[in-house]
Amino acid sequence: MRHDASSPPSDSRAAIRALTYADEAELARRLVAGARLDPAARAAIVAEAAALVVRVRERASPTVMEAFLAEYGLSTDEGVGLMCLAEALLRVPDARTIDELIADKIEPSNWGAHLGRSSSSLVNAATWGLMLTGRVLDDDPGRPAAALRRVLRRMGEPVVRTAVGQAMKLMGRQFVLGETITGAMERARTLEADGYTYSYDMLGEAARTHGDAERYAAAYAAAIAAIATRATGDPRTSPGVSVKLSALHPRYEWSHRDEVMAELTPRALDLARAAARANIGLNIDAEEADRLDLSLDVIEALLADPSLAGWDGFGVVVQAYGRRAGATIDALHDLATRLDRRIMVRLVKGAYWDSEIKAAQERGLPGFPVYTRKPITDVSYIANARKLLDMRDRIYPQFATHNAHTVAAVIAMAGGREGYEFQRLHGMGEHLHQIVREEHGTACRIYAPVGAHRDLLAYLVRRLLENGANSSFVNQIVDKDLAPEAIAADPLAAIEALGDDAANPGIAPPARLFAPRANSAGWNVNEPASATPLIEARAAWRDRRWRAAPMLPCPSEGQPPRPVTNPADPADVVGEVAESTDGEVAAALAAARAAFPGWTATAPAERAAALRRAADLYEANAAELTALVTREAGKTLADAIAELREAVDFLRYYADAAEAAAGEGRG
Ligand code: FAD
């Protein structure tokens with residue numbers, strides 16, 4: 001693993017990095033100011049959004065998926081069970097495991113409570129099926145008719161398996177436009193005739209091997225060739241393609257920046273050139289937060305390529321939930337200006353929120369790269385939409401959202417229908433965007449996944465997670481108990497009410513994940529804002545030669561020292577070690593035995609304090625210790641960090657455990 005910490009970042013990159021974990025309250029204040037909406041404008045947006053909600057509800061029943069998400073949100077056990085099932089089912093290869101998975105996820109749930117409640121007859125039918133399945137699988141011998149149920153269960157398993165598999169595929173079909181690009185383009189014709197445009201996404205997630213990456217690149221190239229046949233001569237009105245850089249390289253990580261620049265960038269450039277020749281849009285999707293910095297390197301390299309001059313179809317996605325969104329847009333505008341290019345920027349809220357929160361907590365990072373409250377993301381979207389609308393000299397803004405308030409805010413700020421477009425996902429937000437097009441004449445593009453159902457899962461799970469949450473707009477609009485005004489409430493007012501309490505108290509900051517015990521501090525080796533200070537501090541230990549020898553309370557020499565070399569680089573002499581002599585081992589054991597009564601008699605709090613002090617010292621000396629294990633054992637930086645954190649966590653955990661045991665009279 002190589003880390004490039006030697007070349008200092010550009011000013012705009014330094015500005016982006018500085019915001020990675022910036023204070024949420026301060027950022028929220030800046031976002032409210034950046035939205036530049038006075039009270040009258042805010043009230044008008046809420047009224048327009050509430051009216052949109054009413055019209056969407058009047059127009060037609062929600063799609064099967066929307067009805068499903070409303071009935072089985074993440075706040076119900078059944079919903080969570082189904083999401084787990086959807087995530088795993090289509091990947092399980094054997095029937096027995098499928099049956100066990102279904103039994104595990106479906107049996108314990110209370111399906112009867114959902115019966116007949118949904119506005120969609122399909123969802124109600126599915127509930128019937130799930131309820132019967134739950135009953136069939138319920139094998140409690142203490143209940144009546146258990147024997148009959150057991151017989152049914154034996155007969156029924158293949159039936160249940162097929163039914164649940166079909167239900168999951170049905171859900172998948174809601175979100176996939178076609179299994180092949182030509183099939184998808186055929187299906188797109190109906191809405192294209194009505195004035196919609198499309199951006200096709202080839203399903204399949206991060207490449208695991210170079211073979212995967214080559215297959216994905218070929219699929220994108222074939223899609224571009226097919227889409228080119230429908231080009232209009234202007235990327236804004238032509239169908240386009242959305243590309244995930246993670247599909248183009250198995251190590252699309254900052255820690256492998258050199259390989260990425262040498263191997264991924266040419267692959268992406270080939271695709272961009274093909275899109276430029278056809279004069280259609282090619283858009284780089286935004287992925288996890290720790291891909292942002294590296295993605296900007298790739299984007300800059302692509303955009304600077306002279307062969308792409310004069311093509312206005314290059315697109316970038318910015319995630320409003322990220323604390324760096326505004327600085328990223330500034331940098332993109334600067335780049336386009338410097339290179340004399342026009343680009344497209346799709347603004348989204350961001351699809352990886354749950355995993356960003358979890359990853360930051362688990363890794364013990366200094367903070368979250370995303371906001372922790374939904375209204376802050378909503379206002380970030382509005383403030384950054386304002387920024388993009390002000391940058392139309394270089395940027396064609398593409399507003400991807402299904403939220404009526406967000407849509408109403410964009411329309412109010414844009415002051416017309418020209419120079420930007422809305423975007424929605426296939427299978428979602430259909431009525432909202434249709435109404436907006438009819439009433440405002442705005443353009444709308446549909447993001448349409450293309451691919452086999454077995455490749456749908458990661459995409460499906462992201463949709464289920466973001467829409468299953470009851471704070472999500474799609475979830476709320478289907479719930480008729482919620483008044484339109486409540487759904488369209490002003491997120492700016494919500495933030496103002498928070499003041500300095502912007503951080504969500506329901507989400508433990510990484511350092512407090514195990515509170516009251518401190519979590520071990522960690523570093524994300526793929527996030528320069530996190531890793532660079534450690535990488536720089538480790539430089540001081542690059543040539544250090546350590547000397548290891550016995551540590552005894554009496555003079556000790558050890559055996560004659562022998563050199564220790566780095567197993568990953570034999571020329572790198574790490575230092576020397578003097579192994580203990582037999583006599584020194586005996587002396588060490590005797591000294592330990594002699595010290596034991598004193599240690600046992602030491603108050604538990606004092607012993608715990610010693611362990612905690614050791615943990616703190618490990619952390620304070622992280623640069624030296626990780627450099628040492630890297631050079632002595634050939635460990636990667638990620639492994640070295642994991643080893644250090646394990647030690648720190650153990651020390652703190654056992655300090656607490658010792659005190660707790662002493663409190664219970666066992667210490
Ligand atoms: P809303 O219900 O208003 O917002 C839901 C969103 O709010 C969540 O997804 C999350 O981002 C945010 N949120 C929820 N809870 C919290 C919280 N507690 N704190 C802070 N924020 C919170 N996403 C990508 O990441 N990359 C892409 O390239 C991408 N491309 C897209 C293309 C299109 C055309 C569309 C429509 C969407 C795309 N998305 C992409 C997905 C997009 O991020 C989600 O659809 C979007 O987040 C849902 O936002 P909304 O305004 O429709 O719904």
# chains A, B, ... in the order shown; residues from 1 in each chain; ligands from 1

call {"tool": "residues_around", "arguments": {"residues": "range 568-577 of chain A", "least_positions_apart": "6", "cutoff": "12 Å", "atoms": "only C-alpha atoms", "output": "tab-separated table (two decimals) with C-alpha atoms, in the first residue's frame"}}
result
chain	number	residue	atom	x	y	z
A	1	MET	CA	0.00	0.00	0.00
A	541	TRP	CA	9.96	6.67	12.01
A	542	ARG	CA	10.75	5.63	8.45
A	543	ASP	CA	14.49	5.16	9.04
A	544	ARG	CA	14.44	4.66	12.78
A	545	ARG	CA	16.36	1.64	14.13
A	546	TRP	CA	14.87	0.27	17.29
A	547	ARG	CA	16.69	-1.83	19.84
A	548	ALA	CA	14.71	-4.50	21.70
A	549	ALA	CA	16.20	-6.21	24.75
A	550	PRO	CA	14.96	-7.88	27.95
A	557	GLU	CA	22.22	-7.82	28.54
A	558	GLY	CA	20.39	-10.55	26.64
A	559	GLN	CA	22.01	-12.63	23.95
A	560	PRO	CA	24.20	-10.93	21.36
A	561	PRO	CA	21.89	-8.67	19.30
A	562	ARG	CA	20.79	-9.78	15.85
A	627	ALA	CA	5.39	2.36	11.86
A	628	LEU	CA	7.09	-0.31	13.95
A	629	VAL	CA	4.55	-3.08	13.21
A	630	THR	CA	4.50	-2.12	9.54
A	631	ARG	CA	8.26	-2.37	9.25
A	632	GLU	CA	8.82	-5.29	11.59
A	633	ALA	CA	5.94	-7.50	10.44
A	634	GLY	CA	5.33	-6.10	6.95
A	635	LYS	CA	1.80	-5.09	7.91
A	636	THR	CA	-0.26	-2.72	5.80

call {"tool": "select_by_dssp", "arguments": {"residues": "range 226-441 of chain A", "states": "strand (DSSP E)", "output": "number ranges by chain"}}
result
A: 240-243, 282-284, 314-319, 343-348, 395-400, 421-425

call {"tool": "write_last_selection", "arguments": {"atoms": "C-alpha atoms", "output": "mmCIF file, in the first residue's frame"}}
result
data_model
loop_
_atom_site.group_PDB
_atom_site.id
_atom_site.type_symbol
_atom_site.label_atom_id
_atom_site.label_comp_id
_atom_site.auth_asym_id
_atom_site.auth_seq_id
_atom_site.Cartn_x
_atom_site.Cartn_y
_atom_site.Cartn_z
ATOM 1 C CA GLY A 240 -26.978 9.400 -21.279
ATOM 2 C CA VAL A 241 -25.155 6.900 -19.124
ATOM 3 C CA SER A 242 -24.236 6.903 -15.428
ATOM 4 C CA VAL A 243 -20.964 5.260 -14.482
ATOM 5 C CA LEU A 282 -21.666 10.559 -19.267
ATOM 6 C CA ASN A 283 -22.117 10.981 -15.578
ATOM 7 C CA ILE A 284 -19.840 9.869 -12.730
ATOM 8 C CA PHE A 314 -19.415 15.349 -18.772
ATOM 9 C CA GLY A 315 -21.351 14.962 -15.517
ATOM 10 C CA VAL A 316 -20.461 14.721 -11.839
ATOM 11 C CA VAL A 317 -22.699 13.876 -8.862
ATOM 12 C CA VAL A 318 -22.493 15.815 -5.593
ATOM 13 C CA GLN A 319 -24.087 14.491 -2.387
ATOM 14 C CA ILE A 343 -20.108 20.358 -17.227
ATOM 15 C CA MET A 344 -23.268 18.817 -15.770
ATOM 16 C CA VAL A 345 -23.654 18.461 -12.002
ATOM 17 C CA ARG A 346 -26.332 16.221 -10.534
ATOM 18 C CA LEU A 347 -27.223 17.162 -6.996
ATOM 19 C CA VAL A 348 -28.505 14.286 -4.832
ATOM 20 C CA ILE A 395 -22.591 24.132 -14.961
ATOM 21 C CA TYR A 396 -25.836 22.552 -16.138
ATOM 22 C CA PRO A 397 -27.558 21.639 -12.833
ATOM 23 C CA GLN A 398 -29.498 18.389 -12.580
ATOM 24 C CA PHE A 399 -31.701 18.180 -9.487
ATOM 25 C CA ALA A 400 -32.334 14.580 -8.506
ATOM 26 C CA GLU A 421 -33.390 19.702 -15.267
ATOM 27 C CA PHE A 422 -34.985 17.501 -12.643
ATOM 28 C CA GLN A 423 -34.171 13.833 -12.312
ATOM 29 C CA ARG A 424 -35.976 10.934 -10.699
ATOM 30 C CA LEU A 425 -35.313 7.246 -10.287
#

call {"tool": "residues_around", "arguments": {"residues": "Asp616 in chain A", "least_positions_apart": "4", "cutoff": "8 Å", "atoms": "only C-alpha atoms", "output": "ChimeraX atom specification"}}
result
/A:612,620,648

call {"tool": "residues_around", "arguments": {"residues": "Gly522 in chain A", "least_positions_apart": "4", "cutoff": "6 Å", "atoms": "only C-alpha atoms", "output": "list of chain:residue names"}}
result
A:Arg363, A:Gly364, A:Leu365

call {"tool": "write_last_selection", "arguments": {"atoms": "all heavy atoms", "output": "mmCIF file, in the first residue's frame"}}
result
data_model
loop_
_atom_site.group_PDB
_atom_site.id
_atom_site.type_symbol
_atom_site.label_atom_id
_atom_site.label_comp_id
_atom_site.auth_asym_id
_atom_site.auth_seq_id
_atom_site.Cartn_x
_atom_site.Cartn_y
_atom_site.Cartn_z
ATOM 1 N N ARG A 363 -14.948 2.741 12.754
ATOM 2 C CA ARG A 363 -13.530 3.044 12.533
ATOM 3 C C ARG A 363 -12.976 4.035 13.546
ATOM 4 O O ARG A 363 -11.802 4.385 13.471
ATOM 5 C CB ARG A 363 -13.331 3.630 11.128
ATOM 6 C CG ARG A 363 -13.534 2.612 10.034
ATOM 7 C CD ARG A 363 -13.556 3.304 8.694
ATOM 8 N NE ARG A 363 -13.621 2.346 7.613
ATOM 9 C CZ ARG A 363 -14.073 2.642 6.397
ATOM 10 N NH1 ARG A 363 -14.499 3.857 6.130
ATOM 11 N NH2 ARG A 363 -14.090 1.733 5.451
ATOM 12 N N GLY A 364 -13.832 4.545 14.443
ATOM 13 C CA GLY A 364 -13.355 5.496 15.453
ATOM 14 C C GLY A 364 -12.828 6.780 14.837
ATOM 15 O O GLY A 364 -11.829 7.345 15.295
ATOM 16 N N LEU A 365 -13.513 7.275 13.818
ATOM 17 C CA LEU A 365 -13.035 8.467 13.105
ATOM 18 C C LEU A 365 -13.317 9.735 13.928
ATOM 19 O O LEU A 365 -14.104 9.712 14.866
ATOM 20 C CB LEU A 365 -13.704 8.548 11.727
ATOM 21 C CG LEU A 365 -13.431 7.346 10.820
ATOM 22 C CD1 LEU A 365 -14.055 7.547 9.455
ATOM 23 C CD2 LEU A 365 -11.925 7.104 10.677
#

call {"tool": "select_by_dssp", "arguments": {"residues": "range 468-586 of chain A", "states": "helix (DSSP H, G or I)", "output": "JSON, numbers by chain"}}
result
{"A": [468, 473, 474, 475, 476, 477, 478, 484, 485, 486, 487, 491, 492, 493, 494, 495, 496, 497, 498, 510, 511, 512, 528, 529, 530, 531, 532, 533, 534, 535, 536, 537, 538, 539, 540, 541, 582, 583, 584, 585, 586]}

call {"tool": "write_last_selection", "arguments": {"atoms": "C-alpha atoms", "output": "PDB file, in the first residue's frame"}}
result
ATOM      1  CA  GLY A 468     -38.101   2.645   4.310  1.00  0.00           C
ATOM      2  CA  PHE A 473     -40.483  11.765   1.777  1.00  0.00           C
ATOM      3  CA  VAL A 474     -41.593   8.754  -0.261  1.00  0.00           C
ATOM      4  CA  ASN A 475     -42.576   6.998   2.940  1.00  0.00           C
ATOM      5  CA  GLN A 476     -44.488   9.986   4.259  1.00  0.00           C
ATOM      6  CA  ILE A 477     -46.482  10.856   1.165  1.00  0.00           C
ATOM      7  CA  VAL A 478     -48.131   7.433   1.184  1.00  0.00           C
ATOM      8  CA  PRO A 484     -49.540  17.728   3.530  1.00  0.00           C
ATOM      9  CA  GLU A 485     -48.277  20.721   5.546  1.00  0.00           C
ATOM     10  CA  ALA A 486     -46.411  18.381   7.898  1.00  0.00           C
ATOM     11  CA  ILE A 487     -44.770  16.529   5.021  1.00  0.00           C
ATOM     12  CA  PRO A 491     -36.421  22.331   6.979  1.00  0.00           C
ATOM     13  CA  LEU A 492     -34.834  25.761   7.537  1.00  0.00           C
ATOM     14  CA  ALA A 493     -37.186  26.343  10.477  1.00  0.00           C
ATOM     15  CA  ALA A 494     -36.233  22.941  11.883  1.00  0.00           C
ATOM     16  CA  ILE A 495     -32.545  23.903  11.797  1.00  0.00           C
ATOM     17  CA  GLU A 496     -33.099  27.345  13.283  1.00  0.00           C
ATOM     18  CA  ALA A 497     -34.932  25.715  16.179  1.00  0.00           C
ATOM     19  CA  LEU A 498     -31.889  23.538  16.856  1.00  0.00           C
ATOM     20  CA  PRO A 510     -17.557   7.569  17.012  1.00  0.00           C
ATOM     21  CA  ALA A 511     -15.579   8.319  20.175  1.00  0.00           C
ATOM     22  CA  ARG A 512     -18.677   7.654  22.314  1.00  0.00           C
ATOM     23  CA  PRO A 528      -6.893  11.790   3.227  1.00  0.00           C
ATOM     24  CA  ALA A 529      -8.473  14.096   5.812  1.00  0.00           C
ATOM     25  CA  SER A 530      -8.258  11.259   8.319  1.00  0.00           C
ATOM     26  CA  ALA A 531      -5.094   9.437   7.257  1.00  0.00           C
ATOM     27  CA  THR A 532      -2.714  12.239   6.255  1.00  0.00           C
ATOM     28  CA  PRO A 533      -1.765  13.392   9.795  1.00  0.00           C
ATOM     29  CA  LEU A 534      -0.877   9.804  10.744  1.00  0.00           C
ATOM     30  CA  ILE A 535       0.977   9.176   7.497  1.00  0.00           C
ATOM     31  CA  GLU A 536       2.988  12.362   7.975  1.00  0.00           C
ATOM     32  CA  ALA A 537       3.782  11.551  11.617  1.00  0.00           C
ATOM     33  CA  ARG A 538       4.937   8.071  10.613  1.00  0.00           C
ATOM     34  CA  ALA A 539       7.523   9.613   8.279  1.00  0.00           C
ATOM     35  CA  ALA A 540       9.669  10.433  11.333  1.00  0.00           C
ATOM     36  CA  TRP A 541       9.959   6.675  12.006  1.00  0.00           C
ATOM     37  CA  ASP A 582      17.667 -18.710  29.986  1.00  0.00           C
ATOM     38  CA  GLY A 583      18.771 -17.062  33.221  1.00  0.00           C
ATOM     39  CA  GLU A 584      16.958 -13.856  32.333  1.00  0.00           C
ATOM     40  CA  VAL A 585      13.745 -15.758  31.602  1.00  0.00           C
ATOM     41  CA  ALA A 586      13.967 -17.333  35.054  1.00  0.00           C
TER      42      ALA A 586
END

call {"tool": "residues_around", "arguments": {"residues": "range 654-658 of chain A", "least_positions_apart": "5", "cutoff": "8 Å", "atoms": "only C-alpha atoms", "output": "list in words"}}
result
Arg517, Pro604, Arg607, Ala608, Ala609, Leu611, Arg612 and Gly667 of chain A

call {"tool": "write_last_selection", "arguments": {"atoms": "all heavy atoms", "output": "compact mmCIF listing (two decimals), in the first residue's frame"}}
result
# COMPACT_ATOMS: atom_id res chain seq x y z
N ARG A 517 -17.32 3.93 28.15
CA ARG A 517 -15.95 3.59 27.75
C ARG A 517 -15.60 4.31 26.45
O ARG A 517 -16.43 4.35 25.53
CB ARG A 517 -15.86 2.07 27.56
CG ARG A 517 -14.59 1.58 26.95
CD ARG A 517 -14.42 0.10 27.21
NE ARG A 517 -15.41 -0.72 26.52
CZ ARG A 517 -15.28 -1.17 25.29
NH1 ARG A 517 -14.21 -0.88 24.59
NH2 ARG A 517 -16.21 -1.93 24.75
N PRO A 604 -8.63 -2.00 42.80
CA PRO A 604 -9.05 -2.19 41.40
C PRO A 604 -9.03 -0.89 40.60
O PRO A 604 -8.65 -0.89 39.43
CB PRO A 604 -10.47 -2.74 41.53
CG PRO A 604 -10.50 -3.40 42.88
CD PRO A 604 -9.57 -2.60 43.76
N ARG A 607 -5.57 -0.25 39.48
CA ARG A 607 -5.15 -1.16 38.41
C ARG A 607 -5.82 -0.77 37.09
O ARG A 607 -5.21 -0.75 36.03
CB ARG A 607 -5.52 -2.61 38.77
CG ARG A 607 -4.51 -3.20 39.74
CD ARG A 607 -4.78 -4.67 39.94
NE ARG A 607 -5.83 -4.88 40.93
CZ ARG A 607 -6.51 -6.03 41.05
NH1 ARG A 607 -6.26 -7.02 40.24
NH2 ARG A 607 -7.41 -6.16 42.00
N ALA A 608 -7.12 -0.44 37.20
CA ALA A 608 -7.84 -0.04 35.98
C ALA A 608 -7.20 1.22 35.40
O ALA A 608 -7.05 1.36 34.17
CB ALA A 608 -9.31 0.20 36.30
N ALA A 609 -6.79 2.14 36.29
CA ALA A 609 -6.19 3.39 35.81
C ALA A 609 -4.90 3.09 35.07
O ALA A 609 -4.58 3.74 34.06
CB ALA A 609 -5.95 4.34 36.98
N LEU A 611 -4.23 0.39 33.34
CA LEU A 611 -4.58 -0.13 32.01
C LEU A 611 -5.02 1.01 31.09
O LEU A 611 -4.64 1.07 29.91
CB LEU A 611 -5.71 -1.16 32.11
CG LEU A 611 -5.44 -2.43 32.90
CD1 LEU A 611 -6.58 -3.43 32.73
CD2 LEU A 611 -4.14 -3.10 32.47
N ARG A 612 -5.80 1.92 31.67
CA ARG A 612 -6.28 3.04 30.82
C ARG A 612 -5.11 3.94 30.41
O ARG A 612 -5.08 4.46 29.30
CB ARG A 612 -7.33 3.86 31.57
CG ARG A 612 -8.61 3.09 31.78
CD ARG A 612 -9.77 3.98 32.20
NE ARG A 612 -10.90 3.13 32.51
CZ ARG A 612 -11.32 2.84 33.74
NH1 ARG A 612 -10.74 3.40 34.79
NH2 ARG A 612 -12.33 2.01 33.94
N GLY A 667 -13.67 -8.89 42.71
CA GLY A 667 -12.34 -8.43 42.31
C GLY A 667 -11.32 -8.59 43.40
O GLY A 667 -11.63 -8.84 44.53

call {"tool": "atom_distance", "arguments": {"atom1": "CA of His431 in chain A", "atom2": "CA of Val53 in chain A"}}
result
9.8 Å

call {"tool": "residues_around", "arguments": {"residues": "range 288-292 of chain A", "least_positions_apart": "4", "cutoff": "12 Å", "atoms": "only C-alpha atoms", "output": "ChimeraX atom specification"}}
result
/A:13,16-17,20-21,206,244-246,251-257,260,284,296-299,316-325,327-328,350-357,359-360,365,368-371,523-531

call {"tool": "closest_residue", "arguments": {"among": "A:Leu456, A:Ala662, A:Ile411, A:Ile382", "to": "ligand 1", "atoms": "only C-alpha atoms and all ligand atoms"}}
result
A:Ile382

call {"tool": "closest_residue", "arguments": {"among": "A:Cys444, A:Leu552, A:Ala278, A:Val436", "to": "Ala591 in chain A", "atoms": "only C-alpha atoms"}}
result
A:Leu552

call {"tool": "atom_distance", "arguments": {"atom1": "CA of Ala622 in chain A", "atom2": "CA of Leu644 in chain A"}}
result
7.4 Å

call {"tool": "residues_around", "arguments": {"residues": "Arg341 in chain A", "least_positions_apart": "4", "cutoff": "12 Å", "atoms": "only C-alpha atoms", "output": "mmCIF file with N, CA, C and O atoms, in the first residue's frame"}}
result
data_model
loop_
_atom_site.group_PDB
_atom_site.id
_atom_site.type_symbol
_atom_site.label_atom_id
_atom_site.label_comp_id
_atom_site.auth_asym_id
_atom_site.auth_seq_id
_atom_site.Cartn_x
_atom_site.Cartn_y
_atom_site.Cartn_z
ATOM 1 N N GLU A 300 -10.696 15.299 -12.534
ATOM 2 C CA GLU A 300 -9.821 16.371 -13.021
ATOM 3 C C GLU A 300 -8.982 15.872 -14.200
ATOM 4 O O GLU A 300 -8.836 16.561 -15.214
ATOM 5 N N LEU A 302 -9.685 13.454 -16.258
ATOM 6 C CA LEU A 302 -10.534 13.233 -17.435
ATOM 7 C C LEU A 302 -10.867 14.561 -18.111
ATOM 8 O O LEU A 302 -10.715 14.714 -19.327
ATOM 9 N N LEU A 303 -11.312 15.487 -17.284
ATOM 10 C CA LEU A 303 -11.786 16.755 -17.846
ATOM 11 C C LEU A 303 -10.659 17.517 -18.544
ATOM 12 O O LEU A 303 -10.888 18.240 -19.513
ATOM 13 N N ALA A 304 -9.431 17.332 -18.023
ATOM 14 C CA ALA A 304 -8.298 18.066 -18.589
ATOM 15 C C ALA A 304 -7.851 17.473 -19.925
ATOM 16 O O ALA A 304 -7.047 18.074 -20.635
ATOM 17 N N ASP A 305 -8.370 16.284 -20.256
ATOM 18 C CA ASP A 305 -7.881 15.651 -21.481
ATOM 19 C C ASP A 305 -8.340 16.456 -22.704
ATOM 20 O O ASP A 305 -9.536 16.691 -22.886
ATOM 21 N N PRO A 306 -7.365 16.847 -23.560
ATOM 22 C CA PRO A 306 -7.722 17.736 -24.680
ATOM 23 C C PRO A 306 -8.763 17.125 -25.611
ATOM 24 O O PRO A 306 -9.540 17.842 -26.234
ATOM 25 N N SER A 307 -8.814 15.774 -25.672
ATOM 26 C CA SER A 307 -9.755 15.155 -26.617
ATOM 27 C C SER A 307 -11.213 15.432 -26.228
ATOM 28 O O SER A 307 -12.117 15.215 -27.026
ATOM 29 N N LEU A 308 -11.443 15.882 -24.987
ATOM 30 C CA LEU A 308 -12.826 16.102 -24.562
ATOM 31 C C LEU A 308 -13.246 17.575 -24.674
ATOM 32 O O LEU A 308 -14.370 17.931 -24.299
ATOM 33 N N ALA A 309 -12.350 18.418 -25.193
ATOM 34 C CA ALA A 309 -12.683 19.842 -25.327
ATOM 35 C C ALA A 309 -13.910 20.005 -26.227
ATOM 36 O O ALA A 309 -14.064 19.286 -27.217
ATOM 37 N N GLY A 310 -14.794 20.901 -25.846
ATOM 38 C CA GLY A 310 -15.960 21.189 -26.673
ATOM 39 C C GLY A 310 -17.156 20.296 -26.412
ATOM 40 O O GLY A 310 -18.236 20.510 -26.954
ATOM 41 N N TRP A 311 -16.975 19.269 -25.565
ATOM 42 C CA TRP A 311 -18.095 18.357 -25.235
ATOM 43 C C TRP A 311 -18.704 18.815 -23.913
ATOM 44 O O TRP A 311 -17.997 18.965 -22.922
ATOM 45 N N ASP A 312 -20.015 19.046 -23.885
ATOM 46 C CA ASP A 312 -20.665 19.573 -22.677
ATOM 47 C C ASP A 312 -21.408 18.499 -21.890
ATOM 48 O O ASP A 312 -22.270 18.814 -21.068
ATOM 49 N N GLY A 313 -21.092 17.232 -22.159
ATOM 50 C CA GLY A 313 -21.885 16.165 -21.544
ATOM 51 C C GLY A 313 -21.234 15.493 -20.349
ATOM 52 O O GLY A 313 -21.764 14.508 -19.836
ATOM 53 N N PHE A 314 -20.080 16.005 -19.902
ATOM 54 C CA PHE A 314 -19.415 15.349 -18.772
ATOM 55 C C PHE A 314 -20.140 15.721 -17.482
ATOM 56 O O PHE A 314 -20.324 16.892 -17.173
ATOM 57 N N GLY A 315 -20.547 14.698 -16.713
ATOM 58 C CA GLY A 315 -21.351 14.962 -15.517
ATOM 59 C C GLY A 315 -20.722 14.414 -14.248
ATOM 60 O O GLY A 315 -20.031 13.396 -14.262
ATOM 61 N N LEU A 332 -15.440 22.245 -8.540
ATOM 62 C CA LEU A 332 -15.829 21.824 -9.895
ATOM 63 C C LEU A 332 -16.018 23.040 -10.806
ATOM 64 O O LEU A 332 -15.626 23.018 -11.976
ATOM 65 N N HIS A 333 -16.608 24.085 -10.243
ATOM 66 C CA HIS A 333 -16.803 25.301 -11.049
ATOM 67 C C HIS A 333 -15.453 25.905 -11.423
ATOM 68 O O HIS A 333 -15.227 26.292 -12.584
ATOM 69 N N ASP A 334 -14.542 25.947 -10.448
ATOM 70 C CA ASP A 334 -13.185 26.469 -10.725
ATOM 71 C C ASP A 334 -12.514 25.656 -11.830
ATOM 72 O O ASP A 334 -11.892 26.202 -12.736
ATOM 73 N N LEU A 335 -12.651 24.338 -11.705
ATOM 74 C CA LEU A 335 -12.004 23.445 -12.673
ATOM 75 C C LEU A 335 -12.562 23.689 -14.074
ATOM 76 O O LEU A 335 -11.811 23.817 -15.049
ATOM 77 N N ALA A 336 -13.888 23.745 -14.174
ATOM 78 C CA ALA A 336 -14.516 23.955 -15.483
ATOM 79 C C ALA A 336 -14.075 25.301 -16.066
ATOM 80 O O ALA A 336 -13.801 25.410 -17.264
ATOM 81 N N THR A 337 -13.954 26.305 -15.184
ATOM 82 C CA THR A 337 -13.540 27.629 -15.659
ATOM 83 C C THR A 337 -12.092 27.582 -16.142
ATOM 84 O O THR A 337 -11.753 28.057 -17.234
ATOM 85 N N ARG A 392 -24.479 28.750 -13.576
ATOM 86 C CA ARG A 392 -24.922 28.191 -14.853
ATOM 87 C C ARG A 392 -24.072 28.634 -16.041
ATOM 88 O O ARG A 392 -24.257 28.144 -17.146
ATOM 89 N N ASP A 393 -23.125 29.559 -15.783
ATOM 90 C CA ASP A 393 -22.203 29.897 -16.872
ATOM 91 C C ASP A 393 -21.359 28.686 -17.255
ATOM 92 O O ASP A 393 -20.959 28.524 -18.405
ATOM 93 N N ARG A 394 -21.089 27.812 -16.263
ATOM 94 C CA ARG A 394 -20.218 26.651 -16.516
ATOM 95 C C ARG A 394 -20.913 25.318 -16.244
ATOM 96 O O ARG A 394 -20.426 24.269 -16.643
ATOM 97 N N ILE A 395 -21.993 25.384 -15.447
ATOM 98 C CA ILE A 395 -22.591 24.132 -14.961
ATOM 99 C C ILE A 395 -24.060 24.033 -15.370
ATOM 100 O O ILE A 395 -24.820 25.001 -15.238
ATOM 101 N N TYR A 396 -24.426 22.837 -15.870
ATOM 102 C CA TYR A 396 -25.836 22.552 -16.138
ATOM 103 C C TYR A 396 -26.345 21.744 -14.943
ATOM 104 O O TYR A 396 -25.985 20.578 -14.777
#

call {"tool": "closest_residue", "arguments": {"among": "A:Arg230, A:Arg373, A:His210, A:Arg173", "to": "ligand 1", "atoms": "only C-alpha atoms and all ligand atoms"}}
result
A:Arg373
